[in-house]
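Data first, discussion second: the structure below is written as structure tokens.
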Amino acid sequence: MNILSLITFLPAAGALVILALPKERERAIQAAALISSGLSLILCGALYVLFNRGTSDMQFVERIPWIPSLGAQYFLGVDGLSVPLVILTALMSFVSLIASLNIKVRIKEYFFWFLILETGMSGVFAALDMVLFYVFWEITLVPMYFLIGIWGGPKKEYAAIKFFLYTLTGSVFMLLGILAVYFNTTPHTFDLLTLLQSHAQWSSRFQILVFIAFYLGFAVKVPAFPFHTWLPLAHVEAPTAVSVVLAAVLLKMGVYGIMRISYGMLPLGFSWFLPILIAIAVINIIYGALCAMAQTDMKKMVAYSSINHMGYCLLGIAGLTATGFAGASFEMINHGIITGALFLLVGVIYDRAHTRDISAFGGLAAKLPVYAGLMSLACFASLGLPGLAGFISEFLCFLGAFARWKVCTAVSVIGILVTAAFFLRMLEKVFLGPFNEKWSALTDLDARELCAIVPLAALTIVLGVYPRPALDLMNTTLVHMAGLFK
Amino acid sequence: MTMLEHAYLIALIPLAASFLILFGGKEDPHSPLPFVGIAAIGWCLVESLGILYAAISGAALPYAQDWSWFSFGMTAANRPFVYDMPIGVLIDGPAVFMLVVVTLVSFLVQIYSLSYMHGDARFKRYYAYLSFFTASMLGLVVSSNLLVTFCCWELVGFSSYILIGFWFERSEPAYAAKKAFLTTKLGDLGLYLALLFIFVLVGSFQIPQIAQFVSRGYMSTAAATLIALGILCGAAGKSAQAPLFIWLPDAMEGPTPVSALIHAATMVAAGVYLVARCYFIFTAAPIAMETVAWLGALTAFLAATMAIVCTDIKRVLAFSTVSQLGFMMCALGAWGLTAGLFHLTTHAAFKALLFLCAGSVIHAVHTNDMRQMGGLSKKMPLTFLTTFIGTCAISGIPLLSGWYSKDMILERVYEHDPRLFIILAITATLTAFYMFRLLFLTFLGTERDKDKHAHAHESPWPMTVPLVVLALLSIFAGALLDHHHLFESLVTGPVSPEIPHPAPPWLGWSVTAAVAASIVAAAKLYGGPHFETAQRLKAAWAPLFHLLDRRYYLDDIFLGLVDLGDRAARLAFWIDSEVIDAIFVDGWGAVARLAAKLSHLFDDLCIDRTVDGTGGLSVTVGGALRSLVARGLAQEYLMYAAVGMSVLAALTWFR
């Protein structure tokens, strides 16, 4: 079995093991989850080492006929665009599983669904066959529905159904797009690599229609304005670890789809849509930041900041330069790590205080120095302080877009200021100023929380100071991709 | 030469020290770890002095050395390729002086803080922060890559944030820290755009390459103007130029040694330094140069007027810093690179001195309010003497360091534009007035607060030794650096491009005479023991005093902007929850329900009727078909249905 298949299906195997375990054996269930996800992460380490940075071809390819009557194949492979995302998925899933060790109810089902979710997410990034891609895409939906709907907050049912319907609607359009390209290629094929070469056969009108279909599917996931309203609600209601993977990985599926499929497969549709895309990017950046500033709930604030950060990704993509692509790809990784850490940290305070209201606290830095330090680190990383991971990718997005969209980029810069404003205000209200005696019983981070957060904090610093390890993975592929656009 | 080759270490040593202090050992008010920071910065000071010595004795400058940092894809002329971003050091004349200034002041401030901050609950962390600041500041000074410069630029802003808010248990420092960060960030947006523009044009952030690009005439005047103005925005934020200076007076909530280091001598000078570092872009853009000059003069004047009515000793000094930074900016804009940087160097010495003196006073009387001081000269003779020296230096008393640099600026500015000269000359007069007002109110006259005065005492040696060192520098630095035009030859290279036009001899003396007159006026008004004249003046000019006291309402304008931002945020969120969500979720829901109703209606009205109508037919046909297909198996029905649907779909598709 190939390494990619192992990475993708080890969590699913873990899920099956959990299914076989009696639900009273909580330790064993947790261990099975951590081991299967951990093995997957270790294999990702191998993937990182073995990945050939000098070629833009698909690597670790695995191709087996799956449904011959349809021409659907079991076809996996990664290039510089997808390999960082596969690694990110394994990392963030493992971290989230550590953070999930405090789940108290229905443990067996929780870890089962979580591992299925991990398989779905890795599969989306590794799949090179459209049917397989679609199957993995939909697989992520079901566990997410249950994870929010069962272990979520007060309005969990509403949030779960809203998330489910929203994304399902999007993916129905995507399915139409998949069928349309299938029937309009000769010979009919779901092979993504072949489809990426087929756009010469398609008329401009066809490409625009199919582009819109795919875009609806991806835009909901990104989420791009105006299809973003499911996100704040889903984040607020989801349990901490689910918020983490939702922000860190699921949103990236949308951006990845736009880069891989919308851009690569439908160049005419993409160039038709470009002026709209840049407008959406600017709206996402500024509007997302402004909405974040209006929040009183920390988690909702972080959720809206994700919309702002995904705007940077869209901005980089709209630049149509290798720099912009590098910025967007790297921003996906950095946003995953930073926002993952932010959600974990917000979860920490919610577990203890049972509130996330920004104005309910005050002066916590004196009482919880480690927590305050890590939270400040994550906030400053998110607002793009140089030396922390967010800055370089954000800068590359702007740099990549500036040559083509001078005014739009210049306007988007306002988003940086607003982001700084709401994060600093949150830090001031929660951590600085006179200590609110109501919280004198709060305790600083425990071992489980440190295990989940500290690796992310360390990565934030490492990638901020020395981004080469991440960027070198992507460079060849992204340069090749940028060269495709005429 | 070895000193230059290890120049990169100067930034890395304090960085290492900072992490060592932060993560090593426990938080302890008497922690020994601060000595690690002092040793690190002492080492850097030695290195910097070595570089200065090498530069004076003729080492080839500028010295540049680059390493590879990271690579990313890039598209130029529609051809994508992998670009390698370098990181490196570029040591030229201005950098040499800046290195010495930063390491020296940081060294002295760290020694001073041993006593000033001793016993603070976060004593150790304070030193970690100071070392981190020093590291980022030194990185800013030596970097050859403007992107790295910008990174360090933001990091000094971050250090400023954590140090202003060091005593975060009180609300004021926390608020001031946020205000400082956001105000400077506002200016940084311009710098950010300038960087984007530079890279798109030049394809590099390396200062020598950009300089080459400009000198070959590839950069149009319009582009150079836009870039220069963007850089100026950043510089105006960091160097507290109008109207962004509003953060600096509030930044005085930080510990006083921090004010001396960051908000007087080094970080706030970074804007001036950045303009100097990118001078070739400014000189290619005459409009930008004029903007720099006028902005500097305006800032110098406005800040000096506000300093006159201030009663908080540190805020007087803060306004004075803003004003002096305006002098430097104005000099740069008037083509006086040497004069501006010379003033930067001497100002670092006497302003750090004045802040540390103020710290010594505050340490003794536990208040910032000059109205509660007075008569401290007997209790604190050494502090009084050093403050007196600093005051004389900043006022431009002949032969002290400030006189040399201020004179150089005034001459240069007079040559460039006499109107600017008049503004700066008036400002210089005001400077002497408010500084001597500070001196009189604090140290002379009668003790106004008996209790505080009784407890006052001279500070211990870790505080007074730095004062003496800085006082000596305030006296002699100007003369030393002006000796044989040492400063000028190092800053502008062996051939001086600034052709010296001898200024009229009356110019220097007339300003000195005005300064002397204003000192006499200050003595009359504030020499004490009574202040009737001052009170009468204040009553007579009440509206003006109020305007100055409210800082020209600039803070209110800033707060109005913040409020506007909040309104925009609330509006955006209202749109999000009431409009967008309503349309795209509830709207879809409504459409879906409507569709369901319609379909139900259609079912009722048409299908059912048809069914009823065709019922009879069905029965007959059904009976006939039954023998054919139905053997009572549901699966088979479904299969035929599926096949039928598929055929129908295929027919529609390929029609």
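Chain labels A, B, ... are given in the sequence in which chains occur in the structure tokens; within each chain residues are numbered consecutively from 1, and ligands are likewise numbered from 1 in the order shown.
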- Item | Within 7 Å of chain A: residues of chain B, using only C-alpha atoms, as an NGL selection string | :B and (70-75 or 79-82 or 151 or 154-155 or 168-171 or 174 or 178 or 182 or 185-186 or 189 or 193 or 196 or 200 or 568-570 or 572-573 or 580-581)
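When the distance limit is 10 Å and only C-alpha atoms are what count, the residues near Ala318 of chain B, minus those fewer than 6 positions from it on the same chain, are Ala240, Phe245, Leu248, Pro249, Asp250, Ala251, Met252, Ser259, Ala260, His263, Ala264, Ala303, Ala307, Asp312, Gln324, Lys351 and Phe355 of chain B.
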- Message: DSSP on the backbone, alpha helix (DSSP H) only: what residues of segment 140-356 of chain A does that give? Format it as a ChimeraX atom specification.
- Response: /A:141-151,156-183,192-196,204-221,230-237,240-245,251-257,264-265,267-293,298-318,322-353
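The interatomic distance for the pair atom CA of Ser122 of chain A and atom CA of Ile7 of chain A works out to 7.5 Å.
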- Message: When you look at segment 217-220 of chain A with a cut-off of 9 Å (counting only C-alpha atoms), what residues show up, excluding the ones that are within fewer than 2 positions of it in the same chain? I need them as a ChimeraX atom specification.
- Response: /A:166-175,212-215,222-228,230,251,253-258
Take the residues that were just selected and, keeping N, CA and C atoms, output them as a compact mmCIF listing (two decimals), in the first residue's frame.
```
# COMPACT_ATOMS: atom_id res chain seq x y z
N TYR A 166 -26.05 24.31 3.95
CA TYR A 166 -25.27 25.29 3.20
C TYR A 166 -24.23 24.58 2.34
N THR A 167 -23.42 23.74 2.99
CA THR A 167 -22.34 23.10 2.24
C THR A 167 -22.89 22.08 1.26
N LEU A 168 -23.99 21.44 1.63
CA LEU A 168 -24.56 20.46 0.71
C LEU A 168 -25.05 21.15 -0.56
N THR A 169 -25.71 22.29 -0.38
CA THR A 169 -26.15 23.04 -1.55
C THR A 169 -24.97 23.35 -2.44
N GLY A 170 -23.90 23.83 -1.80
CA GLY A 170 -22.70 24.14 -2.58
C GLY A 170 -22.21 22.92 -3.33
N SER A 171 -22.17 21.79 -2.64
CA SER A 171 -21.55 20.63 -3.30
C SER A 171 -22.46 20.02 -4.37
N VAL A 172 -23.76 20.26 -4.27
CA VAL A 172 -24.62 19.81 -5.36
C VAL A 172 -24.24 20.50 -6.67
N PHE A 173 -24.01 21.80 -6.56
CA PHE A 173 -23.57 22.51 -7.77
C PHE A 173 -22.24 21.96 -8.27
N MET A 174 -21.37 21.64 -7.31
CA MET A 174 -20.08 21.08 -7.70
C MET A 174 -20.27 19.76 -8.45
N LEU A 175 -21.22 18.95 -7.95
CA LEU A 175 -21.48 17.66 -8.62
C LEU A 175 -21.95 17.90 -10.05
N ILE A 212 -18.87 28.60 -12.58
CA ILE A 212 -19.82 29.08 -11.56
C ILE A 212 -20.27 27.91 -10.69
N ALA A 213 -20.53 26.76 -11.33
CA ALA A 213 -20.97 25.60 -10.55
C ALA A 213 -19.90 25.21 -9.53
N PHE A 214 -18.66 25.08 -9.99
CA PHE A 214 -17.59 24.72 -9.06
C PHE A 214 -17.40 25.80 -8.01
N TYR A 215 -17.47 27.06 -8.48
CA TYR A 215 -17.20 28.16 -7.56
C TYR A 215 -18.20 28.14 -6.40
N VAL A 222 -14.88 28.26 1.52
CA VAL A 222 -13.74 29.16 1.78
C VAL A 222 -13.83 29.88 3.12
N PRO A 223 -14.86 30.52 3.55
CA PRO A 223 -16.06 30.92 2.85
C PRO A 223 -15.87 32.30 2.25
N ALA A 224 -16.36 32.46 1.02
CA ALA A 224 -16.23 33.75 0.35
C ALA A 224 -17.55 34.50 0.46
N PHE A 225 -17.47 35.80 0.66
CA PHE A 225 -18.66 36.63 0.70
C PHE A 225 -19.47 36.38 -0.57
N PRO A 226 -20.78 36.25 -0.58
CA PRO A 226 -21.70 36.31 0.57
C PRO A 226 -22.11 34.95 1.12
N PHE A 227 -21.32 33.93 0.86
CA PHE A 227 -21.71 32.59 1.32
C PHE A 227 -21.05 32.20 2.64
N HIS A 228 -20.81 33.16 3.49
CA HIS A 228 -20.00 32.89 4.67
C HIS A 228 -20.81 32.81 5.96
N TRP A 230 -22.70 30.81 7.39
CA TRP A 230 -22.75 29.61 8.21
C TRP A 230 -21.58 29.54 9.18
N LEU A 251 -11.79 24.91 5.73
CA LEU A 251 -11.85 26.10 4.89
C LEU A 251 -10.85 26.00 3.75
N MET A 253 -10.12 23.49 2.04
CA MET A 253 -10.63 22.69 0.93
C MET A 253 -11.18 23.60 -0.16
N GLY A 254 -11.84 24.68 0.25
CA GLY A 254 -12.39 25.61 -0.73
C GLY A 254 -11.30 26.32 -1.51
N VAL A 255 -10.30 26.85 -0.79
CA VAL A 255 -9.22 27.55 -1.48
C VAL A 255 -8.45 26.60 -2.38
N TYR A 256 -8.22 25.39 -1.85
CA TYR A 256 -7.51 24.38 -2.64
C TYR A 256 -8.30 24.08 -3.92
N GLY A 257 -9.61 23.94 -3.79
CA GLY A 257 -10.44 23.66 -4.96
C GLY A 257 -10.35 24.76 -5.99
N ILE A 258 -10.37 26.00 -5.51
CA ILE A 258 -10.27 27.11 -6.47
C ILE A 258 -8.94 27.06 -7.20
```
- Message: Need to verify the contact set: segment 38-53 of chain A, 8 Å, only C-alpha atoms, exclusion of same-chain residues closer than 4 positions in sequence. Can you return it as a list in words?
- Response: Ile3, Leu6, Ile7, Thr8, Leu10, Pro11, Leu34, Gln59, Gly80, Val83, Val86, Ile87, Ala90, Leu91, Phe94, Asp472, Leu473, Met474, Asn475 and Thr476 of chain A
Can I get the selected residues back with N, CA and C atoms, as an mmCIF file, in the first residue's frame?
```cif
data_model
loop_
_atom_site.group_PDB
_atom_site.id
_atom_site.type_symbol
_atom_site.label_atom_id
_atom_site.label_comp_id
_atom_site.auth_asym_id
_atom_site.auth_seq_id
_atom_site.Cartn_x
_atom_site.Cartn_y
_atom_site.Cartn_z
ATOM 1 N N ILE A 3 2.081 5.219 0.483
ATOM 2 C CA ILE A 3 2.127 6.065 1.681
ATOM 3 C C ILE A 3 0.909 6.984 1.776
ATOM 4 N N LEU A 6 -2.000 5.125 3.093
ATOM 5 C CA LEU A 6 -1.851 4.889 4.526
ATOM 6 C C LEU A 6 -2.209 6.141 5.317
ATOM 7 N N ILE A 7 -1.674 7.276 4.856
ATOM 8 C CA ILE A 7 -1.960 8.524 5.561
ATOM 9 C C ILE A 7 -3.462 8.771 5.598
ATOM 10 N N THR A 8 -4.110 8.500 4.474
ATOM 11 C CA THR A 8 -5.531 8.805 4.389
ATOM 12 C C THR A 8 -6.376 7.826 5.195
ATOM 13 N N LEU A 10 -5.373 5.368 7.559
ATOM 14 C CA LEU A 10 -5.047 4.966 8.930
ATOM 15 C C LEU A 10 -6.070 5.496 9.927
ATOM 16 N N PRO A 11 -6.468 6.770 9.833
ATOM 17 C CA PRO A 11 -7.502 7.234 10.771
ATOM 18 C C PRO A 11 -8.797 6.443 10.626
ATOM 19 N N LEU A 34 -5.552 8.376 19.082
ATOM 20 C CA LEU A 34 -4.265 9.077 19.033
ATOM 21 C C LEU A 34 -3.241 8.299 18.239
ATOM 22 N N GLN A 59 3.321 13.194 -7.313
ATOM 23 C CA GLN A 59 4.211 12.209 -6.706
ATOM 24 C C GLN A 59 3.423 11.266 -5.822
ATOM 25 N N GLY A 80 3.204 20.018 -5.118
ATOM 26 C CA GLY A 80 3.561 21.073 -4.161
ATOM 27 C C GLY A 80 2.368 21.841 -3.634
ATOM 28 N N VAL A 83 0.658 18.811 -1.036
ATOM 29 C CA VAL A 83 1.395 18.113 0.024
ATOM 30 C C VAL A 83 1.420 18.909 1.327
ATOM 31 N N VAL A 86 -1.906 18.198 3.014
ATOM 32 C CA VAL A 86 -2.019 16.863 3.601
ATOM 33 C C VAL A 86 -1.321 16.838 4.957
ATOM 34 N N ILE A 87 -0.130 17.439 4.986
ATOM 35 C CA ILE A 87 0.620 17.467 6.248
ATOM 36 C C ILE A 87 -0.135 18.287 7.294
ATOM 37 N N ALA A 90 -2.985 16.269 8.830
ATOM 38 C CA ALA A 90 -2.571 15.296 9.835
ATOM 39 C C ALA A 90 -2.171 15.989 11.129
ATOM 40 N N LEU A 91 -1.446 17.094 10.991
ATOM 41 C CA LEU A 91 -0.981 17.796 12.181
ATOM 42 C C LEU A 91 -2.146 18.350 12.991
ATOM 43 N N PHE A 94 -4.275 15.691 14.668
ATOM 44 C CA PHE A 94 -3.644 15.105 15.848
ATOM 45 C C PHE A 94 -3.741 16.061 17.039
ATOM 46 N N ASP A 472 9.622 25.970 0.217
ATOM 47 C CA ASP A 472 10.363 25.144 -0.735
ATOM 48 C C ASP A 472 9.540 23.958 -1.228
ATOM 49 N N LEU A 473 8.624 23.498 -0.368
ATOM 50 C CA LEU A 473 7.749 22.404 -0.803
ATOM 51 C C LEU A 473 6.908 22.829 -2.005
ATOM 52 N N MET A 474 6.495 24.100 -2.002
ATOM 53 C CA MET A 474 5.486 24.551 -2.960
ATOM 54 C C MET A 474 6.085 25.151 -4.227
ATOM 55 N N ASN A 475 7.286 25.729 -4.107
ATOM 56 C CA ASN A 475 7.760 26.639 -5.151
ATOM 57 C C ASN A 475 7.648 26.100 -6.567
ATOM 58 N N THR A 476 8.204 24.894 -6.795
ATOM 59 C CA THR A 476 8.253 24.396 -8.166
ATOM 60 C C THR A 476 6.858 24.278 -8.756
#
```
Considering only C-alpha atoms, return as a PDB file with C-alpha atoms, in the first residue's frame whatever protein or nucleic-acid residues lie within 9 Å of Trp151 of chain A, sequence-local ones (same chain, fewer than 5 positions apart) excluded.
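The resulting around-v4.pdb:
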```
ATOM      1  CA  ILE A 103     -14.622  15.212  25.923  1.00  0.00           C
ATOM      2  CA  VAL A 105     -19.944  12.327  26.749  1.00  0.00           C
ATOM      3  CA  ARG A 106     -20.356   9.682  24.058  1.00  0.00           C
ATOM      4  CA  TYR A 110     -16.908  11.331  19.073  1.00  0.00           C
ATOM      5  CA  PHE A 146     -22.703  15.011  14.028  1.00  0.00           C
ATOM      6  CA  LYS A 156     -25.976  23.170  18.145  1.00  0.00           C
ATOM      7  CA  GLU A 237     -21.540  26.197  18.484  1.00  0.00           C
ATOM      8  CA  ALA A 238     -18.895  23.609  17.594  1.00  0.00           C
ATOM      9  CA  PRO A 239     -16.794  22.069  20.361  1.00  0.00           C
TER      10      PRO A 239
END
```
- Task: Extract, using only C-alpha atoms, all DNA, RNA and protein residues at most 6 Å from segment 343-349 of chain A, discarding same-chain residues fewer than 4 positions from it, and format them as JSON, numbers by chain.
- Result: {"A": [240, 244, 353]}
- Note on the structure: Restricting to only C-alpha atoms, whichever of B:Trp294, B:Tyr83, B:Phe443, B:Tyr161 is closest to Gly203 of chain B is B:Tyr83
